[in-house]
$ cat input-v8.pdb   # PDB, C-alpha atoms and all ligand atoms
MODEL        1
ATOM      1  CA  ASN M 392      34.248  21.379 -23.283  1.00  0.00           C
ATOM      2  CA  GLU M 393      37.479  21.491 -25.253  1.00  0.00           C
ATOM      3  CA  ASP M 394      39.654  18.632 -26.456  1.00  0.00           C
ATOM      4  CA  GLU M 395      43.440  18.801 -27.255  1.00  0.00           C
ATOM      5  CA  ASP M 396      43.102  20.578 -30.602  1.00  0.00           C
ATOM      6  CA  GLY M 397      41.011  23.265 -29.013  1.00  0.00           C
ATOM      7  CA  ASP M 398      37.816  22.249 -30.692  1.00  0.00           C
ATOM      8  CA  ALA M 399      34.606  22.074 -28.852  1.00  0.00           C
ATOM      9  CA  ALA M 400      33.898  18.493 -27.919  1.00  0.00           C
ATOM     10  CA  VAL M 401      30.518  17.060 -27.257  1.00  0.00           C
ATOM     11  CA  VAL M 402      30.316  15.146 -24.034  1.00  0.00           C
ATOM     12  CA  THR M 403      27.432  12.842 -23.567  1.00  0.00           C
ATOM     13  CA  LYS M 404      26.773  11.019 -20.381  1.00  0.00           C
ATOM     14  CA  THR M 405      24.821   7.802 -20.450  1.00  0.00           C
ATOM     15  CA  ARG M 406      23.191   6.995 -17.179  1.00  0.00           C
ATOM     16  CA  PRO M 407      22.598   3.302 -16.685  1.00  0.00           C
ATOM     17  CA  LYS M 408      18.861   3.281 -17.129  1.00  0.00           C
ATOM     18  CA  THR M 409      17.509   0.683 -14.752  1.00  0.00           C
ATOM     19  CA  LYS M 410      13.739   0.944 -14.614  1.00  0.00           C
ATOM     20  CA  LYS M 411      12.411   0.868 -11.078  1.00  0.00           C
ATOM     21  CA  PRO M 412       9.074  -0.879 -10.889  1.00  0.00           C
ATOM     22  CA  PRO M 413       6.203   1.391  -9.824  1.00  0.00           C
ATOM     23  CA  LEU M 414       4.971   1.182  -6.239  1.00  0.00           C
ATOM     24  CA  TYR M 415       1.389   0.857  -5.108  1.00  0.00           C
ATOM     25  CA  LYS M 416      -0.316   2.169  -1.994  1.00  0.00           C
ATOM     26  CA  VAL M 417      -2.638  -0.284  -0.296  1.00  0.00           C
ATOM     27  CA  LEU M 418      -5.627   1.590   1.134  1.00  0.00           C
ATOM     28  CA  LEU M 419      -8.149   0.587   3.756  1.00  0.00           C
ATOM     29  CA  LEU M 420     -11.617   2.135   3.513  1.00  0.00           C
ATOM     30  CA  ASN M 421     -14.030   2.944   6.294  1.00  0.00           C
ATOM     31  CA  ASP M 422     -17.523   1.492   6.608  1.00  0.00           C
ATOM     32  CA  ASP M 423     -20.182   1.574   9.314  1.00  0.00           C
ATOM     33  CA  TYR M 424     -20.291  -2.127  10.150  1.00  0.00           C
ATOM     34  CA  THR M 425     -16.886  -3.796  10.356  1.00  0.00           C
ATOM     35  CA  PRO M 426     -15.915  -4.078  14.045  1.00  0.00           C
ATOM     36  CA  MET M 427     -12.891  -2.029  15.050  1.00  0.00           C
ATOM     37  CA  GLU M 428     -11.239  -5.093  16.598  1.00  0.00           C
ATOM     38  CA  PHE M 429     -11.545  -6.992  13.314  1.00  0.00           C
ATOM     39  CA  VAL M 430      -9.789  -4.195  11.426  1.00  0.00           C
ATOM     40  CA  VAL M 431      -7.000  -4.118  14.007  1.00  0.00           C
ATOM     41  CA  HIS M 432      -6.644  -7.881  13.684  1.00  0.00           C
ATOM     42  CA  VAL M 433      -6.482  -7.681   9.866  1.00  0.00           C
ATOM     43  CA  LEU M 434      -3.738  -5.059  10.008  1.00  0.00           C
ATOM     44  CA  GLN M 435      -1.665  -7.216  12.339  1.00  0.00           C
ATOM     45  CA  ARG M 436      -2.296 -10.450  10.486  1.00  0.00           C
ATOM     46  CA  PHE M 437      -1.665  -9.352   6.888  1.00  0.00           C
ATOM     47  CA  PHE M 438       0.613  -6.351   7.268  1.00  0.00           C
ATOM     48  CA  GLY M 439       2.724  -7.327  10.274  1.00  0.00           C
ATOM     49  CA  ILE M 440       1.772  -4.134  12.044  1.00  0.00           C
ATOM     50  CA  SER M 441       2.021  -3.928  15.845  1.00  0.00           C
ATOM     51  CA  HIS M 442      -1.192  -3.752  17.867  1.00  0.00           C
ATOM     52  CA  ALA M 443      -0.561  -0.116  18.828  1.00  0.00           C
ATOM     53  CA  GLN M 444       0.156   0.940  15.232  1.00  0.00           C
ATOM     54  CA  ALA M 445      -2.834  -1.079  13.998  1.00  0.00           C
ATOM     55  CA  VAL M 446      -5.151   0.749  16.416  1.00  0.00           C
ATOM     56  CA  GLU M 447      -3.761   4.069  15.172  1.00  0.00           C
ATOM     57  CA  ILE M 448      -4.304   3.231  11.492  1.00  0.00           C
ATOM     58  CA  MET M 449      -7.782   1.804  12.180  1.00  0.00           C
ATOM     59  CA  LEU M 450      -8.781   5.016  13.987  1.00  0.00           C
ATOM     60  CA  THR M 451      -7.407   7.136  11.131  1.00  0.00           C
ATOM     61  CA  VAL M 452      -9.584   5.190   8.672  1.00  0.00           C
ATOM     62  CA  HIS M 453     -12.560   5.441  11.035  1.00  0.00           C
ATOM     63  CA  LYS M 454     -12.190   9.229  11.302  1.00  0.00           C
ATOM     64  CA  LYS M 455     -10.943  10.203   7.838  1.00  0.00           C
ATOM     65  CA  GLY M 456     -12.534   7.493   5.696  1.00  0.00           C
ATOM     66  CA  VAL M 457      -9.323   6.058   4.271  1.00  0.00           C
ATOM     67  CA  ALA M 458      -5.667   5.491   5.134  1.00  0.00           C
ATOM     68  CA  VAL M 459      -2.572   4.070   3.491  1.00  0.00           C
ATOM     69  CA  VAL M 460      -1.644   0.792   5.129  1.00  0.00           C
ATOM     70  CA  GLY M 461       1.567   0.203   3.211  1.00  0.00           C
ATOM     71  CA  VAL M 462       3.425   0.656  -0.069  1.00  0.00           C
ATOM     72  CA  PHE M 463       4.430  -2.382  -2.132  1.00  0.00           C
ATOM     73  CA  SER M 464       5.311  -3.660  -5.581  1.00  0.00           C
ATOM     74  CA  ARG M 465       2.251  -4.401  -7.734  1.00  0.00           C
ATOM     75  CA  GLU M 466       2.291  -8.144  -7.084  1.00  0.00           C
ATOM     76  CA  ILE M 467       2.625  -7.821  -3.326  1.00  0.00           C
ATOM     77  CA  ALA M 468      -0.047  -5.098  -3.197  1.00  0.00           C
ATOM     78  CA  GLU M 469      -2.427  -7.305  -5.216  1.00  0.00           C
ATOM     79  CA  THR M 470      -1.821 -10.193  -2.842  1.00  0.00           C
ATOM     80  CA  LYS M 471      -2.519  -8.028   0.227  1.00  0.00           C
ATOM     81  CA  VAL M 472      -5.753  -6.673  -1.261  1.00  0.00           C
ATOM     82  CA  THR M 473      -6.939 -10.178  -2.170  1.00  0.00           C
ATOM     83  CA  GLN M 474      -6.034 -11.576   1.252  1.00  0.00           C
ATOM     84  CA  VAL M 475      -7.874  -8.795   3.100  1.00  0.00           C
ATOM     85  CA  MET M 476     -10.948  -8.932   0.853  1.00  0.00           C
ATOM     86  CA  ASP M 477     -11.198 -12.742   1.106  1.00  0.00           C
ATOM     87  CA  TYR M 478     -10.737 -12.696   4.859  1.00  0.00           C
ATOM     88  CA  ALA M 479     -13.346  -9.953   5.331  1.00  0.00           C
ATOM     89  CA  GLN M 480     -15.826 -11.839   3.144  1.00  0.00           C
ATOM     90  CA  ARG M 481     -15.210 -15.112   4.982  1.00  0.00           C
ATOM     91  CA  ASN M 482     -16.006 -13.283   8.220  1.00  0.00           C
ATOM     92  CA  GLN M 483     -18.999 -11.532   6.643  1.00  0.00           C
ATOM     93  CA  HIS M 484     -17.704  -8.001   7.105  1.00  0.00           C
ATOM     94  CA  PRO M 485     -18.004  -5.350   4.373  1.00  0.00           C
ATOM     95  CA  LEU M 486     -14.427  -4.122   4.887  1.00  0.00           C
ATOM     96  CA  GLN M 487     -12.933  -2.755   1.671  1.00  0.00           C
ATOM     97  CA  CYS M 488      -9.265  -2.769   0.729  1.00  0.00           C
ATOM     98  CA  THR M 489      -7.921  -1.365  -2.522  1.00  0.00           C
ATOM     99  CA  MET M 490      -4.676  -0.228  -4.154  1.00  0.00           C
ATOM    100  CA  GLU M 491      -3.517   2.709  -6.249  1.00  0.00           C
ATOM    101  CA  LYS M 492      -0.313   3.525  -8.098  1.00  0.00           C
ATOM    102  CA  GLU M 493       1.869   5.967  -6.179  1.00  0.00           C
TER     103      GLU M 493
HETATM  104  N1  LIG J   1     -16.236   2.486  11.264  1.00  0.00           N
HETATM  105  C1  LIG J   1     -16.149   1.153  11.844  1.00  0.00           C
HETATM  106  C2  LIG J   1     -16.937   1.125  13.136  1.00  0.00           C
HETATM  107  O1  LIG J   1     -17.311   2.158  13.656  1.00  0.00           O
HETATM  108  C3  LIG J   1     -14.696   0.779  12.151  1.00  0.00           C
HETATM  109  C4  LIG J   1     -13.852   0.654  10.932  1.00  0.00           C
HETATM  110  C5  LIG J   1     -12.574   1.170  10.908  1.00  0.00           C
HETATM  111  C6  LIG J   1     -14.321  -0.018   9.783  1.00  0.00           C
HETATM  112  C7  LIG J   1     -11.738   1.053   9.800  1.00  0.00           C
HETATM  113  C8  LIG J   1     -13.516  -0.145   8.662  1.00  0.00           C
HETATM  114  O2  LIG J   1     -11.402   0.248   7.574  1.00  0.00           O
HETATM  115  C9  LIG J   1     -12.223   0.381   8.674  1.00  0.00           C
HETATM  116  N2  LIG J   1     -17.203  -0.069  13.654  1.00  0.00           N
ENDMDL
END
$ encode --input "input-v8.pdb" --output "structure tokens" --more "lines below"
Ligand code: TYC
Amino acid sequence: NEDEDGDAAVVTKTRPKTKKPPLYKVLLLNDDYTPMEFVVHVLQRFFGISHAQAVEIMLTVHKKGVAVVGVFSREIAETKVTQVMDYAQRNQHPLQCTMEKE
């Protein structure tokens, strides 16, 4: 760049640095014992997923071993994991739910 007197001018641009909070994937893990219907119910109850979508995700976990259920801020992801784990335990199913940073 040049300014009026012909000298080279240094132009610096400051971008407003707003830090976006990291996002976390909530994962559902397969096991051999939790009934398919229970998993579908959990997905609808805690993630607001439609029955059809819940069946799809449940079958993906059943076949592949794991699937992403949703992506959330850390606090929301922690709440989801806790809710699912508590609910599974209360119903005596070994269903596992976990989270990982995106
Ligand atoms: N594999 C279980 C069954 O055959 C079903 C299942 C699906 C369990 C998804 C857990 O996250 C899960 N009954």
$ closest_residue --input "input-v8.pdb" --among "M:Arg465, M:Gln480, M:Thr409, M:Val475" --to "Val430 of chain M" --atoms "only C-alpha atoms"
M:Val475
$ residues_near_ligand --input "input-v8.pdb" --ligand "ligand LIG 1 (chain J)" --cutoff "10 Å" --atoms "all atoms listed in the file" --output "count of residues only"
33
$ residues_around --input "input-v8.pdb" --residues "Phe437 of chain M" --least-positions-apart "6" --cutoff "10 Å" --atoms "only C-alpha atoms" --output "PyMOL selection string"
chain M and resi 470-472+474-475+478
$ atom_distance --input "input-v8.pdb" --atom1 "atom CA of Glu466 of chain M" --atom2 "atom CA of Lys410 of chain M"
16.4 Å
$ atom_distance --input "input-v8.pdb" --atom1 "atom CA of Leu414 of chain M" --atom2 "atom CA of His442 of chain M"
25.4 Å
$ closest_residue --input "input-v8.pdb" --among "M:Arg436, M:Val417, M:Thr405, M:Lys411" --to "Glu469 of chain M" --atoms "all atoms listed in the file"
M:Val417
$ atom_distance --input "input-v8.pdb" --atom1 "atom CA of Met490 of chain M" --atom2 "atom CA of Val460 of chain M"
9.8 Å
$ axis_aligned_box --input "input-v8.pdb" --around "segment 408-418 of chain M" --padding-each-side "4 Å" --output "JSON"
{"center_x": 6.6, "center_y": 1.2, "center_z": -8.0, "size_x": 32.5, "size_y": 12.2, "size_z": 26.3}
$ closest_residue --input "input-v8.pdb" --among "M:Arg481, M:Arg406, M:His432, M:Lys492" --to "Phe463 of chain M" --atoms "only C-alpha atoms"
M:Lys492
$ build_atoms --input "input-v8.pdb" --residues "segment 425-451 of chain M" --atoms "N, CA, C and O atoms" --output "compact mmCIF listing (two decimals), keeping the file's coordinate frame"
# COMPACT_ATOMS: atom_id res chain seq x y z
N THR M 425 -18.00 -2.92 9.96
CA THR M 425 -16.89 -3.80 10.36
C THR M 425 -16.42 -3.42 11.76
O THR M 425 -16.13 -2.25 12.03
N PRO M 426 -16.36 -4.38 12.68
CA PRO M 426 -15.92 -4.08 14.04
C PRO M 426 -14.47 -3.57 14.07
O PRO M 426 -13.61 -4.06 13.32
N MET M 427 -14.23 -2.60 14.92
CA MET M 427 -12.89 -2.03 15.05
C MET M 427 -11.85 -3.10 15.34
O MET M 427 -10.75 -3.08 14.78
N GLU M 428 -12.19 -4.04 16.22
CA GLU M 428 -11.24 -5.09 16.60
C GLU M 428 -10.87 -5.97 15.41
O GLU M 428 -9.73 -6.44 15.30
N PHE M 429 -11.83 -6.19 14.51
CA PHE M 429 -11.54 -6.99 13.31
C PHE M 429 -10.54 -6.28 12.42
O PHE M 429 -9.61 -6.89 11.89
N VAL M 430 -10.71 -4.98 12.26
CA VAL M 430 -9.79 -4.20 11.43
C VAL M 430 -8.37 -4.24 12.03
O VAL M 430 -7.39 -4.43 11.30
N VAL M 431 -8.30 -4.08 13.33
CA VAL M 431 -7.00 -4.12 14.01
C VAL M 431 -6.35 -5.48 13.79
O VAL M 431 -5.15 -5.58 13.47
N HIS M 432 -7.14 -6.52 13.90
CA HIS M 432 -6.64 -7.88 13.68
C HIS M 432 -6.13 -8.08 12.25
O HIS M 432 -5.07 -8.68 12.04
N VAL M 433 -6.88 -7.58 11.28
CA VAL M 433 -6.48 -7.68 9.87
C VAL M 433 -5.14 -6.99 9.63
O VAL M 433 -4.26 -7.53 8.94
N LEU M 434 -4.98 -5.82 10.20
CA LEU M 434 -3.74 -5.06 10.01
C LEU M 434 -2.55 -5.81 10.59
O LEU M 434 -1.46 -5.83 10.00
N GLN M 435 -2.75 -6.45 11.73
CA GLN M 435 -1.66 -7.22 12.34
C GLN M 435 -1.38 -8.48 11.54
O GLN M 435 -0.22 -8.82 11.27
N ARG M 436 -2.43 -9.14 11.14
CA ARG M 436 -2.30 -10.45 10.49
C ARG M 436 -1.67 -10.35 9.09
O ARG M 436 -0.80 -11.15 8.75
N PHE M 437 -2.10 -9.39 8.29
CA PHE M 437 -1.66 -9.35 6.89
C PHE M 437 -0.59 -8.31 6.59
O PHE M 437 0.03 -8.34 5.53
N PHE M 438 -0.38 -7.39 7.53
CA PHE M 438 0.61 -6.35 7.27
C PHE M 438 1.73 -6.33 8.31
O PHE M 438 2.61 -5.48 8.24
N GLY M 439 1.68 -7.24 9.26
CA GLY M 439 2.72 -7.33 10.27
C GLY M 439 2.88 -6.07 11.10
O GLY M 439 3.98 -5.72 11.52
N ILE M 440 1.75 -5.39 11.30
CA ILE M 440 1.77 -4.13 12.04
C ILE M 440 1.52 -4.44 13.53
O ILE M 440 0.73 -5.32 13.86
N SER M 441 2.20 -3.72 14.40
CA SER M 441 2.02 -3.93 15.84
C SER M 441 0.60 -3.55 16.26
O SER M 441 -0.09 -2.80 15.55
N HIS M 442 0.17 -4.05 17.40
CA HIS M 442 -1.19 -3.75 17.87
C HIS M 442 -1.40 -2.25 18.00
O HIS M 442 -2.41 -1.72 17.52
N ALA M 443 -0.43 -1.57 18.60
CA ALA M 443 -0.56 -0.12 18.83
C ALA M 443 -0.67 0.64 17.50
O ALA M 443 -1.54 1.51 17.34
N GLN M 444 0.19 0.30 16.55
CA GLN M 444 0.16 0.94 15.23
C GLN M 444 -1.14 0.60 14.49
O GLN M 444 -1.72 1.46 13.81
N ALA M 445 -1.60 -0.64 14.66
CA ALA M 445 -2.83 -1.08 14.00
C ALA M 445 -4.03 -0.29 14.51
O ALA M 445 -4.90 0.11 13.75
N VAL M 446 -4.06 -0.04 15.82
CA VAL M 446 -5.15 0.75 16.42
C VAL M 446 -5.11 2.16 15.84
O VAL M 446 -6.15 2.73 15.47
N GLU M 447 -3.92 2.71 15.72
CA GLU M 447 -3.76 4.07 15.17
C GLU M 447 -4.29 4.16 13.74
O GLU M 447 -5.04 5.08 13.40
N ILE M 448 -3.87 3.21 12.90
CA ILE M 448 -4.30 3.23 11.49
C ILE M 448 -5.81 3.03 11.40
O ILE M 448 -6.50 3.73 10.65
N MET M 449 -6.33 2.06 12.20
CA MET M 449 -7.78 1.80 12.18
C MET M 449 -8.55 3.08 12.54
O MET M 449 -9.56 3.41 11.90
N LEU M 450 -8.09 3.80 13.56
CA LEU M 450 -8.78 5.02 13.99
C LEU M 450 -8.68 6.13 12.93
O LEU M 450 -9.63 6.90 12.76
N THR M 451 -7.55 6.16 12.23
CA THR M 451 -7.41 7.14 11.13
C THR M 451 -8.44 6.85 10.05
O THR M 451 -9.13 7.76 9.57
